[in-house]
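Peer 1: Hey, dropping my_file-v6.cif in here, mmCIF, C-alpha atoms and all ligand atoms:
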```cif
data_coords
#
loop_
_atom_site.label_atom_id
_atom_site.label_comp_id
_atom_site.auth_asym_id
_atom_site.auth_seq_id
_atom_site.Cartn_x
_atom_site.Cartn_y
_atom_site.Cartn_z
CA MET B 420 -4.42 7.24 -30.49
CA PRO B 421 -7.48 5.07 -29.87
CA SER B 422 -10.48 6.79 -28.29
CA ASP B 423 -11.14 6.33 -24.55
CA ARG B 424 -13.81 3.81 -25.22
CA GLU B 425 -11.47 1.49 -27.07
CA VAL B 426 -8.72 1.63 -24.48
CA ILE B 427 -8.19 -1.35 -22.21
CA GLY B 428 -7.50 0.36 -18.87
CA LEU B 429 -4.89 -0.68 -16.35
CA HIS B 430 -7.35 -1.31 -13.54
CA GLU B 431 -10.92 -0.15 -14.03
CA PRO B 432 -13.41 -0.28 -11.17
CA GLN B 433 -16.48 -2.48 -11.34
CA PHE B 434 -19.81 -1.55 -9.74
CA CYS B 435 -22.16 -4.47 -10.16
CA GLY B 436 -23.29 -5.06 -6.57
CA ASN B 437 -25.27 -2.99 -4.09
CA GLU B 438 -23.50 0.30 -4.90
CA TRP B 439 -26.60 2.03 -6.30
CA ASP B 440 -28.85 0.87 -3.46
CA TYR B 441 -26.47 1.99 -0.73
CA LEU B 442 -25.79 5.36 -2.39
CA GLU B 443 -29.52 5.94 -2.78
CA GLU B 444 -29.96 5.20 0.90
CA CYS B 445 -27.34 7.87 1.73
CA LEU B 446 -29.04 10.44 -0.50
CA THR B 447 -32.61 9.78 0.63
CA THR B 448 -31.71 9.78 4.33
CA GLY B 449 -29.34 12.75 4.00
CA TRP B 450 -26.51 10.85 5.74
CA VAL B 451 -23.80 11.63 3.22
CA SER B 452 -21.10 13.12 5.35
CA SER B 453 -19.31 12.46 8.62
CA VAL B 454 -22.09 10.57 10.37
CA GLY B 455 -23.93 7.45 9.24
CA LYS B 456 -24.00 3.70 9.59
CA PHE B 457 -21.90 2.78 6.56
CA VAL B 458 -18.63 3.96 8.11
CA ASP B 459 -19.03 1.58 11.08
CA ARG B 460 -20.15 -1.24 8.81
CA PHE B 461 -17.26 -0.72 6.40
CA GLU B 462 -14.76 -0.71 9.28
CA GLN B 463 -16.24 -3.94 10.64
CA MET B 464 -16.10 -5.62 7.23
CA LEU B 465 -12.45 -4.60 6.80
CA ALA B 466 -11.45 -5.85 10.26
CA GLU B 467 -13.26 -9.12 9.75
CA TYR B 468 -11.83 -9.76 6.32
CA THR B 469 -8.22 -8.93 7.21
CA GLY B 470 -8.38 -10.54 10.64
CA VAL B 471 -7.22 -7.47 12.57
CA LYS B 472 -8.83 -6.22 15.78
CA ARG B 473 -9.61 -2.74 14.52
CA ALA B 474 -9.95 -0.93 11.18
CA ILE B 475 -10.43 2.83 10.96
CA ALA B 476 -11.67 4.29 7.67
CA VAL B 477 -10.04 7.53 6.50
CA VAL B 478 -10.09 9.87 3.49
CA ASN B 479 -7.25 8.20 1.59
CA GLY B 480 -4.25 5.91 1.89
CA THR B 481 -1.79 8.79 2.20
CA ALA B 482 -3.64 10.21 5.24
CA ALA B 483 -3.66 6.69 6.70
CA LEU B 484 0.14 6.53 6.43
CA HIS B 485 0.49 10.00 7.93
CA ILE B 486 -1.54 9.07 11.01
CA ALA B 487 0.13 5.67 11.43
CA LEU B 488 3.58 7.34 11.45
CA LYS B 489 2.39 10.00 13.88
CA VAL B 490 0.83 7.60 16.34
CA ILE B 491 3.89 5.33 16.23
CA GLY B 492 5.89 8.32 17.45
CA VAL B 493 7.80 9.49 14.37
CA LYS B 494 9.08 12.98 15.18
CA THR B 495 10.79 15.85 13.37
CA GLY B 496 14.32 14.85 12.40
CA ASP B 497 13.77 11.07 12.64
CA GLU B 498 14.53 8.76 9.74
CA VAL B 499 12.08 6.17 8.44
CA LEU B 500 13.23 3.31 6.21
CA VAL B 501 11.17 3.16 3.02
CA PRO B 502 11.64 1.16 -0.19
CA THR B 503 12.81 3.33 -3.07
CA LEU B 504 10.54 1.25 -5.31
CA THR B 505 7.16 2.54 -4.14
CA PHE B 506 4.43 5.04 -4.91
CA VAL B 507 5.33 8.59 -3.80
CA ALA B 508 2.72 8.59 -0.98
CA THR B 509 4.90 6.29 1.16
CA ALA B 510 7.77 8.79 1.21
CA ASN B 511 5.54 11.89 1.29
CA ALA B 512 3.85 10.72 4.49
CA VAL B 513 7.26 10.52 6.18
CA GLU B 514 7.94 14.14 5.17
CA TYR B 515 4.54 15.24 6.56
CA CYS B 516 5.89 14.26 10.00
CA GLY B 517 9.02 16.35 9.50
CA ALA B 518 10.98 13.10 9.21
CA ILE B 519 13.39 11.95 6.52
CA PRO B 520 12.84 8.92 4.29
CA HIS B 521 15.85 6.62 4.20
CA PHE B 522 15.65 4.50 1.07
CA ALA B 523 16.11 0.74 1.03
CA ASP B 524 16.51 -1.83 -1.71
CA SER B 525 14.01 -4.41 -2.93
CA GLU B 526 14.41 -8.06 -3.82
CA GLU B 527 13.26 -9.64 -7.05
CA LYS B 528 11.47 -12.52 -5.30
CA SER B 529 8.76 -10.21 -3.89
CA LEU B 530 9.50 -6.83 -5.56
CA GLY B 531 9.44 -5.50 -1.97
CA LEU B 532 11.97 -4.72 0.77
CA ASP B 533 14.92 -7.09 0.96
CA PRO B 534 15.17 -8.04 4.67
CA HIS B 535 18.65 -9.57 4.40
CA LYS B 536 20.15 -6.61 2.61
CA LEU B 537 18.47 -4.30 5.13
CA GLU B 538 20.04 -6.22 8.00
CA ILE B 539 23.51 -6.00 6.44
CA TRP B 540 23.03 -2.26 5.91
CA LEU B 541 21.85 -1.67 9.47
CA ASN B 542 24.78 -3.68 10.84
CA GLU B 543 27.00 -1.29 8.96
CA ILE B 544 25.41 2.07 9.80
CA ALA B 545 23.14 1.67 12.82
CA GLU B 546 23.72 1.42 16.55
CA LEU B 547 21.43 1.01 19.52
CA ARG B 548 21.51 3.68 22.21
CA HIS B 549 19.23 3.27 25.22
CA GLY B 550 17.03 0.89 23.27
CA GLU B 551 16.65 3.14 20.25
CA CYS B 552 18.20 2.86 16.80
CA PHE B 553 20.50 5.60 15.52
CA ASN B 554 22.12 6.18 12.15
CA ARG B 555 25.82 6.67 12.91
CA GLN B 556 26.35 8.44 9.58
CA THR B 557 23.69 11.13 10.09
CA GLY B 558 23.33 11.08 13.86
CA ARG B 559 19.56 10.82 13.48
CA ARG B 560 17.23 8.37 15.16
CA ILE B 561 15.77 5.68 12.88
CA LYS B 562 12.27 5.13 14.20
CA ALA B 563 10.43 2.85 11.80
CA VAL B 564 10.32 0.78 8.62
CA ILE B 565 7.51 0.97 6.09
CA ALA B 566 7.15 -2.25 4.09
CA MET B 567 5.09 -1.94 0.91
CA HIS B 568 3.45 -4.96 -0.74
CA THR B 569 4.33 -4.14 -4.32
CA PHE B 570 1.53 -4.52 -6.88
CA GLY B 571 -0.15 -6.79 -4.31
CA HIS B 572 2.76 -9.21 -3.77
CA PRO B 573 3.58 -9.61 -0.06
CA VAL B 574 6.99 -8.69 1.32
CA ASP B 575 8.84 -11.52 3.11
CA LEU B 576 7.44 -10.38 6.46
CA ASP B 577 8.88 -12.87 9.00
CA PRO B 578 12.57 -12.10 8.38
CA LEU B 579 11.73 -8.40 8.06
CA LEU B 580 10.00 -8.39 11.44
CA GLU B 581 13.08 -10.12 12.92
CA VAL B 582 15.30 -7.30 11.64
CA CYS B 583 12.88 -4.72 13.07
CA ARG B 584 12.95 -6.45 16.46
CA ARG B 585 16.73 -6.62 16.51
CA PHE B 586 17.13 -2.94 15.70
CA LYS B 587 14.13 -1.74 17.77
CA LEU B 588 12.30 -0.41 14.74
CA GLU B 589 8.53 -0.14 14.47
CA LEU B 590 7.01 -1.81 11.40
CA ILE B 591 4.24 -0.26 9.32
CA GLU B 592 2.84 -2.15 6.34
CA ASP B 593 1.78 0.00 3.42
CA ALA B 594 -0.86 -2.48 2.27
CA ALA B 595 -2.48 0.03 -0.12
CA GLU B 596 -2.11 -2.49 -2.93
CA SER B 597 -2.57 -5.75 -1.05
CA ILE B 598 -6.15 -6.16 0.15
CA GLY B 599 -6.83 -9.84 -0.58
CA SER B 600 -3.13 -10.81 -0.37
CA PHE B 601 -1.98 -13.34 2.22
CA TYR B 602 1.44 -14.10 3.69
CA LYS B 603 1.81 -17.69 4.95
CA GLY B 604 -1.97 -17.98 5.11
CA ARG B 605 -2.65 -14.78 7.06
CA HIS B 606 -3.80 -11.51 5.54
CA THR B 607 -1.14 -8.85 4.99
CA GLY B 608 -1.41 -6.05 7.53
CA ASN B 609 -1.11 -8.32 10.58
CA TRP B 610 2.67 -7.98 11.02
CA GLY B 611 3.15 -4.25 11.42
CA LYS B 612 1.98 -2.26 14.43
CA PHE B 613 -0.16 -0.53 11.83
CA ALA B 614 -1.05 -1.29 8.24
CA THR B 615 -2.66 1.10 5.80
CA LEU B 616 -5.05 0.48 2.91
CA SER B 617 -6.13 2.60 -0.05
CA PHE B 618 -9.45 2.58 -1.89
CA ASN B 619 -8.48 4.91 -4.70
CA GLY B 620 -10.23 4.40 -8.05
CA ASN B 621 -7.56 2.07 -9.44
CA LYS B 622 -7.19 -0.19 -6.43
CA THR B 623 -8.66 -3.69 -5.98
CA ILE B 624 -11.76 -2.20 -4.34
CA THR B 625 -12.65 1.48 -4.46
CA THR B 626 -14.65 4.03 -2.49
CA GLY B 627 -13.87 6.76 -5.02
CA GLY B 628 -11.16 7.96 -2.69
CA GLY B 629 -10.51 6.41 0.68
CA GLY B 630 -8.21 4.51 2.94
CA ALA B 631 -8.00 2.69 6.25
CA ILE B 632 -5.66 2.03 9.12
CA LEU B 633 -5.50 -1.50 10.51
CA THR B 634 -4.17 -2.49 13.91
CA ASN B 635 -4.26 -5.38 16.36
CA ASP B 636 -3.83 -3.01 19.29
CA GLU B 637 -7.23 -1.85 20.59
CA GLU B 638 -5.79 1.12 22.46
CA LEU B 639 -3.88 2.37 19.43
CA GLY B 640 -7.02 1.83 17.38
CA LYS B 641 -8.98 4.13 19.69
CA GLU B 642 -6.20 6.70 19.50
CA VAL B 643 -6.27 6.61 15.68
CA LYS B 644 -10.06 7.00 15.59
CA HIS B 645 -9.84 9.98 17.93
CA LEU B 646 -7.04 11.70 16.00
CA THR B 647 -8.71 11.19 12.61
CA THR B 648 -12.03 12.64 13.83
CA THR B 649 -10.71 16.07 14.92
CA ALA B 650 -9.90 14.77 18.45
CA LYS B 651 -13.44 15.64 19.53
CA ILE B 652 -14.63 14.24 22.84
CA PRO B 653 -17.99 12.59 22.02
CA HIS B 654 -20.88 14.67 23.39
CA PRO B 655 -24.44 15.21 22.09
CA TRP B 656 -23.96 18.95 21.58
CA ALA B 657 -20.73 20.35 23.01
CA TYR B 658 -17.58 20.85 20.96
CA TYR B 659 -14.53 19.98 22.97
CA HIS B 660 -11.26 18.84 21.38
CA ASP B 661 -8.44 17.70 23.62
CA ARG B 662 -5.60 18.25 21.09
CA VAL B 663 -4.89 19.13 17.47
CA GLY B 664 -6.68 16.42 15.52
CA TYR B 665 -7.26 15.78 11.84
CA ASN B 666 -10.37 15.79 9.70
CA TYR B 667 -9.44 12.51 8.02
CA ARG B 668 -12.68 10.61 8.53
CA LEU B 669 -14.12 8.81 5.49
CA PRO B 670 -17.53 10.28 4.53
CA ASN B 671 -20.53 7.96 4.82
CA ILE B 672 -21.23 8.15 1.09
CA ASN B 673 -17.77 6.76 0.31
CA ALA B 674 -18.12 4.10 3.00
CA ALA B 675 -21.43 3.08 1.37
CA LEU B 676 -19.52 2.33 -1.84
CA GLY B 677 -16.92 0.51 0.27
CA CYS B 678 -19.50 -1.84 1.81
CA ALA B 679 -20.85 -2.76 -1.61
CA GLN B 680 -17.32 -3.31 -2.93
CA MET B 681 -16.33 -5.48 0.05
CA GLU B 682 -19.31 -7.74 -0.68
CA GLN B 683 -17.76 -8.40 -4.09
CA LEU B 684 -14.11 -8.64 -3.05
CA ASP B 685 -13.92 -12.43 -3.25
CA SER B 686 -15.39 -12.47 -6.73
CA PHE B 687 -12.98 -9.72 -7.86
CA LEU B 688 -10.06 -11.73 -6.48
CA GLU B 689 -11.22 -14.90 -8.17
CA LYS B 690 -11.43 -13.15 -11.53
CA LYS B 691 -8.06 -11.47 -11.06
CA ARG B 692 -6.44 -14.84 -10.36
CA ILE B 693 -7.92 -16.37 -13.47
CA LEU B 694 -6.65 -13.42 -15.49
CA ALA B 695 -3.16 -13.83 -13.96
CA GLU B 696 -3.24 -17.57 -14.79
CA ARG B 697 -4.05 -16.74 -18.40
CA TYR B 698 -1.23 -14.21 -18.64
CA LYS B 699 1.15 -16.72 -17.06
CA PHE B 700 0.19 -19.37 -19.59
CA ALA B 701 0.39 -16.97 -22.53
CA PHE B 702 3.80 -15.57 -21.57
CA SER B 703 5.26 -18.99 -20.74
CA LYS B 704 5.69 -19.38 -24.47
CA VAL B 705 7.37 -16.01 -25.02
CA GLN B 706 11.13 -15.80 -24.76
CA GLY B 707 12.95 -12.87 -23.22
CA ILE B 708 10.10 -11.82 -20.93
CA ARG B 709 8.63 -13.27 -17.75
CA PHE B 710 5.20 -12.92 -16.17
CA PHE B 711 5.79 -12.22 -12.47
CA THR B 712 4.12 -14.75 -10.17
CA GLU B 713 3.51 -14.60 -6.41
CA PRO B 714 6.41 -15.58 -4.14
CA ASP B 715 6.11 -19.11 -2.68
CA PHE B 716 5.23 -17.81 0.81
CA ALA B 717 2.27 -15.82 -0.45
CA GLN B 718 -1.11 -15.80 -2.05
CA SER B 719 -1.32 -12.54 -3.95
CA ASN B 720 -4.26 -10.48 -5.15
CA TYR B 721 -2.38 -9.76 -8.42
CA TRP B 722 -3.45 -6.13 -8.12
CA LEU B 723 -1.39 -4.98 -11.08
CA ASN B 724 0.09 -7.69 -13.28
CA VAL B 725 3.81 -7.42 -13.88
CA LEU B 726 5.96 -8.33 -16.85
CA LEU B 727 9.73 -8.43 -16.35
CA LEU B 728 11.94 -8.22 -19.41
CA ASP B 729 15.16 -10.23 -19.26
CA ASP B 730 18.19 -8.03 -18.54
CA GLU B 731 19.37 -8.06 -22.13
CA ASN B 732 15.92 -6.92 -23.31
CA ALA B 733 15.51 -4.03 -20.88
CA PHE B 734 16.37 -1.56 -23.66
CA ILE B 735 13.08 -2.30 -25.47
CA ARG B 736 10.90 -1.38 -22.45
CA ASP B 737 10.01 2.11 -23.67
CA THR B 738 9.38 0.92 -27.23
CA LEU B 739 7.05 -1.74 -25.84
CA LEU B 740 5.24 0.79 -23.62
CA LYS B 741 4.72 3.07 -26.59
CA LYS B 742 3.47 0.26 -28.80
CA LEU B 743 1.01 -1.01 -26.20
CA ASN B 744 -0.35 2.44 -25.32
CA THR B 745 -0.79 3.56 -28.95
CA SER B 746 -2.65 0.36 -29.74
CA GLY B 747 -5.16 0.93 -26.92
CA ILE B 748 -3.66 -1.33 -24.27
CA MET B 749 -2.80 0.69 -21.20
CA ALA B 750 0.63 -0.25 -19.90
CA ARG B 751 2.85 1.55 -17.41
CA PRO B 752 6.42 1.46 -16.18
CA ALA B 753 7.07 1.19 -12.44
CA TRP B 754 7.10 4.47 -10.50
CA THR B 755 10.20 6.60 -10.86
CA LEU B 756 12.31 5.45 -7.91
CA MET B 757 11.97 7.75 -4.90
CA HIS B 758 15.68 8.61 -4.67
CA LYS B 759 15.50 9.93 -8.25
CA LEU B 760 12.75 12.47 -7.44
CA PRO B 761 14.01 16.03 -6.84
CA MET B 762 12.59 16.39 -3.31
CA PHE B 763 14.15 13.11 -2.13
CA HIS B 764 17.42 13.33 -4.02
CA SER B 765 19.59 14.03 -0.99
CA CYS B 766 17.91 11.59 1.41
CA PRO B 767 20.08 8.80 2.86
CA ARG B 768 19.99 5.45 1.11
CA MET B 769 21.70 2.11 0.86
CA ASP B 770 22.79 0.50 -2.38
CA VAL B 771 19.53 0.21 -4.34
CA SER B 772 20.85 -1.57 -7.43
CA THR B 773 18.21 -4.33 -7.38
CA ALA B 774 15.36 -1.79 -7.30
CA GLU B 775 17.05 0.06 -10.16
CA ASN B 776 17.37 -3.15 -12.13
CA ILE B 777 13.71 -4.15 -11.48
CA GLU B 778 12.51 -0.66 -12.44
CA SER B 779 14.38 -0.77 -15.75
CA ARG B 780 12.70 -4.03 -16.83
CA LEU B 781 9.17 -3.78 -15.44
CA ILE B 782 5.89 -3.20 -17.24
CA ASN B 783 2.39 -3.23 -15.70
CA ILE B 784 -0.34 -4.56 -17.93
CA PRO B 785 -4.18 -4.44 -17.71
CA SER B 786 -5.36 -6.17 -14.55
CA GLY B 787 -8.96 -5.24 -13.66
CA ALA B 788 -11.51 -7.89 -12.70
CA LEU B 789 -13.67 -6.33 -15.42
CA LEU B 790 -11.44 -7.87 -18.09
CA LEU B 791 -12.77 -11.33 -17.44
C1 LIG E 801 -2.37 3.93 -3.68
C2 LIG E 801 -1.21 3.92 -2.78
C3 LIG E 801 -1.17 4.70 -1.61
C4 LIG E 801 -2.25 5.64 -1.13
O1 LIG E 801 -2.84 6.33 -2.11
P1 LIG E 801 -4.12 7.28 -1.90
O2 LIG E 801 -4.37 7.71 -3.29
O3 LIG E 801 -3.71 8.37 -0.99
O4 LIG E 801 -5.26 6.48 -1.35
C5 LIG E 801 -0.07 4.57 -0.78
N1 LIG E 801 0.93 3.75 -1.07
C6 LIG E 801 0.92 2.97 -2.16
C7 LIG E 801 2.05 2.02 -2.39
C8 LIG E 801 -0.13 3.04 -3.07
O5 LIG E 801 -0.12 2.27 -4.16
#
```
Is it possible to give me this structure as C-alpha cells?
Peer 2:
Amino acid sequence: MPSDREVIGLHEPQFCGNEWDYLEECLTTGWVSSVGKFVDRFEQMLAEYTGVKRAIAVVNGTAALHIALKVIGVKTGDEVLVPTLTFVATANAVEYCGAIPHFADSEEKSLGLDPHKLEIWLNEIAELRHGECFNRQTGRRIKAVIAMHTFGHPVDLDPLLEVCRRFKLELIEDAAESIGSFYKGRHTGNWGKFATLSFNGNKTITTGGGGAILTNDEELGKEVKHLTTTAKIPHPWAYYHDRVGYNYRLPNINAALGCAQMEQLDSFLEKKRILAERYKFAFSKVQGIRFFTEPDFAQSNYWLNVLLLDDENAFIRDTLLKKLNTSGIMARPAWTLMHKLPMFHSCPRMDVSTAENIESRLINIPSGALLL
C-alpha cells in the first residue's frame, strides 16, 4: 500500500483563500460558537449564489434533511419516496421522523430518480384521499419525495415536479452534492419546497462539517431558523423557548471557513470542469468503459467523477477498484443500495433494477479541484 502522502484522494479540500484570516478573526475576537457575523454572511452568500430567498446554515447535511422533512410535515408512520441509489443520510433522516423510506429507481441519464418510472409506480399503488396520497398496499400516507442530485448531476426536475403535483407530494431536493450544478440554467435547489446542502470535508466546498437548508418561502425559512436554534424567542437576556427545538446551528468558526470557501467556489468549479474534460477525452479512446457526462438539461459541478463499465465488463469492477487503490489512486464503488442495508431491508420499494445495474458498473475516481 502506498503511504498517505502518495495517495491521490477522491476529493481533497483546498484552502488557498481567506480561510486563515477569517479563522484568526474568530479566535482573536472569541466569536467561535453560536453567535458571530460569519453565520449571517455565509447564509447570505449561499442564498445569493443559489438564487433562493433564504438559506439557513446548520451543523451538517443530515440535520438539514431532518429539519426539512419535519417542517414539511412528515409524521410518524408516513412514507417518503427516496432513491435507493443515495448516501445513507437521505434514508436515515426519514427514519429520524418516525417515517418509512420507500425506495425508488434511478435512470441512467442522470443517475437520479426516474420520474417516468415513479409515475407508473404511483399509478399502480397510490390513490388520493382528501387531497393526500396514500399507498394502497401499506395503507400509509406518502407525504414527500426526496430527489438527490447524484455525484452533482441534476435530476430531471421538471417532469419530477409534475409527478409530485399530480400525486400531492412535497418535493425536497437533497442537493448535498450539487452546489454549483444547474438545471436548465437555474441552480439546483429551486424546485423543491426545501433543498439541503452539505459542507462535509469531501464536498465541493467544506466548512469541516456543515450543511444548509434552502427555501424560496420566507415564512418557512423563518420557521427553519427558529427550529434549528433551539426555538428560542430572541431576547437580550431571557431564555424562553416556545417548543422543542434543535441545536443544529452552524458554529461561527465553521461559517468563517464557509465564507472563504464560497469566495473560491467559481474557481473550484472551473478547475473541476477542466478535469472532467480531460477525463472525458482520455476515456473516449478506451473501449468497454464510459466517462459519465452531464445530462443535456444540466450544467453539473462534476462533484465526483463517474466511470461506467459496459454491462459485459461489470465483473471486473472489483478488480479495477483493487488495482487503483493499491496503486495509490483512490477509487470507490457507489454506495451500497439502501434496500440492501439491514435496517432498510423490509421497506417498501418499486422495481429498482436500473439502480442495481448502475451500482454494479460504477466507479468514482479522483475529482478534487486540487488535482489541477
Ligand atoms: C454528504 C451527503 C449528505 C449529508 O452529509 P453530512 O455528512 O451529514 O453533511 C446527505 N446526502 C447526500 C446524498 C450526501 O452526499
Peer 1: Could you give me, as a PyMOL selection string, the residues within 7 Å of Val771 of chain B, counting only C-alpha atoms and dropping anything in the same chain fewer than 4 positions from it?
Peer 2: chain B and resi 523-524+775
Peer 1: Emit the selected residues as a PDB file, in the coordinates of the input, including C-alpha atoms.
Peer 2:
```pdb
ATOM      1  CA  ALA B 523      16.110   0.740   1.030  1.00  0.00           C
ATOM      2  CA  ASP B 524      16.510  -1.830  -1.710  1.00  0.00           C
ATOM      3  CA  GLU B 775      17.050   0.060 -10.160  1.00  0.00           C
TER       4      GLU B 775
END
```
Peer 1: Rounded to one decimal in Å, what is the spacing between atom CA of Gly620 of chain B and atom CA of Pro670 of chain B?
Peer 2: 15.7 Å
Peer 1: With a cut-off of 7 Å, could you pull out the residues of chain B touching ligand LIG 801 (chain E) and give me the nearest pair of atoms for each, distance in Å to one decimal, using only C-alpha atoms and all ligand atoms, ordered by chain and ascending number, as a tab-separated table?
Peer 2:
```
residue	atom	partner	partner_atom	distance
B:Asn479	CA	E:LIG801	O4	3.9
B:Gly480	CA	E:LIG801	O4	3.4
B:Thr481	CA	E:LIG801	O3	3.7
B:Ala482	CA	E:LIG801	O3	6.5
B:Thr505	CA	E:LIG801	C7	5.4
B:Phe506	CA	E:LIG801	C7	4.6
B:Ala508	CA	E:LIG801	C5	4.9
B:Thr509	CA	E:LIG801	N1	5.2
B:Met567	CA	E:LIG801	C7	6.0
B:Thr569	CA	E:LIG801	C7	6.8
B:Asp593	CA	E:LIG801	N1	5.9
B:Ala595	CA	E:LIG801	C8	4.8
B:Glu596	CA	E:LIG801	O5	5.3
B:Ser617	CA	E:LIG801	O4	4.2
B:Phe618	CA	E:LIG801	O4	5.7
B:Asn619	CA	E:LIG801	O4	4.9
B:Lys622	CA	E:LIG801	C1	6.9
B:Gly628	CA	E:LIG801	O4	6.2
B:Gly629	CA	E:LIG801	O4	5.6
B:Gly630	CA	E:LIG801	O4	5.6
```
Peer 1: Go through B:Lys456, B:Lys690, B:His758, B:Arg584 one by one, measure the shortest atom-to-atom distance of each to Leu547 of chain B using all atoms listed in the file, and give the residue with the smallest value.
Peer 2: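 Selected residue with least distance to Leu547 of chain B: B:Arg584.
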Peer 1: Using atom CA of Met749 of chain B and atom CA of Leu429 of chain B as the two end points, give the distance in Å to one decimal.
Peer 2: 5.5 Å
Peer 1: Within 12 Å of Val426 of chain B, counting only C-alpha atoms, which residues qualify if same-chain residues fewer than 5 places away don't, as a PyMOL selection string?
Peer 2: chain B and resi 420-421+431+743-750+785+790
Peer 1: For a test of reading the model, state the distance in Å between atom CA of Leu590 of chain B and atom CA of Asp459 of chain B, rounded to one decimal.
Peer 2: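 Those two atoms sit 26.3 Å apart.
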Peer 1: Find the residues near segment 441-449 of chain B: any atom within 12 Å, counting only C-alpha atoms, skip ones fewer than 5 places away on the same chain, and give them as a ChimeraX atom specification.
Peer 2: /B:434,436,454-458,460-461,626,670-680
Peer 1: Which is closest to Ala563 of chain B among B:Lys603, B:Lys536, B:Arg548, B:Lys494, if we use only C-alpha atoms?
Peer 2: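 Of B:Lys603, B:Lys536, B:Arg548, B:Lys494, the one nearest Ala563 of chain B, counting only C-alpha atoms, is B:Lys494.
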Peer 1: Ranking B:Glu551, B:Glu638, B:Glu462, B:Glu713 by minimum distance to Arg585 of chain B and counting only C-alpha atoms, which one comes first?
Peer 2: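 Under the stated criterion, the closest residue is B:Glu551.
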Peer 1: Could you pull the residues within 12 Å of Ala518 of chain B, counting only C-alpha atoms, minus those fewer than 5 positions along the same chain, as a PyMOL selection string?
Peer 2: chain B and resi 485+488-489+492-501+510-513+559-563+763+766-767
Peer 1: Could you please give me, as a count of residues only, the residues of protein, DNA or RNA lying at most 12 Å from (-7.7, 7.2, 17.0) in the coordinate frame of the file, considering all atoms listed in the file?
Peer 2: 39
Peer 1: Smallest atom-to-atom distance to Leu684 of chain B: which of B:Ile735, B:Ile782, B:Ala566, B:Ala788, using all atoms listed in the file?
Peer 2: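 Closest to Leu684 of chain B, using all atoms listed in the file: B:Ala788.
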Peer 1: Could you check the closest approach to Ala733 of chain B for each of B:Glu514, B:Glu778, B:Glu689, B:Asp715 and tell me which residue wins, using only C-alpha atoms?
Peer 2: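 Checking each candidate against Ala733 of chain B, we get B:Glu778 as the closest.
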Peer 1: Show me as a ChimeraX atom specification the residues that reach within 9 Å of (9.6, -10.4, -20.2), counting all atoms listed in the file and using the file's own coordinates.
Peer 2: /B:702,705-711,726-729,732-733,780-782
Peer 1: For a quick check of understanding, using all atoms listed in the file, which of B:Leu532, B:Leu579, B:Leu588, B:Ile784 has the smallest distance to Gly550 of chain B?
Peer 2: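 Smallest distance to Gly550 of chain B is found for B:Leu588.
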Peer 1: Find the residues near Gly611 of chain B: any atom within 9 Å, counting only C-alpha atoms, skip ones fewer than 6 places away on the same chain, and give them as a VMD selection string.
Peer 2: chain B and resid 565 to 566 576 580 589 to 592 634 to 635
Peer 1: Just need the box for segment 683-699 of chain B, edges along x, y and z, holding every atom the file lists for it with 3 Å tacked onto each side, so centre and edge lengths in Å to one decimal, as AutoDock Vina command-line options.
Peer 2:
```
--center_x -8.3 --center_y -13.0 --center_z -10.8 --size_x 24.9 --size_y 15.2 --size_z 21.6
```
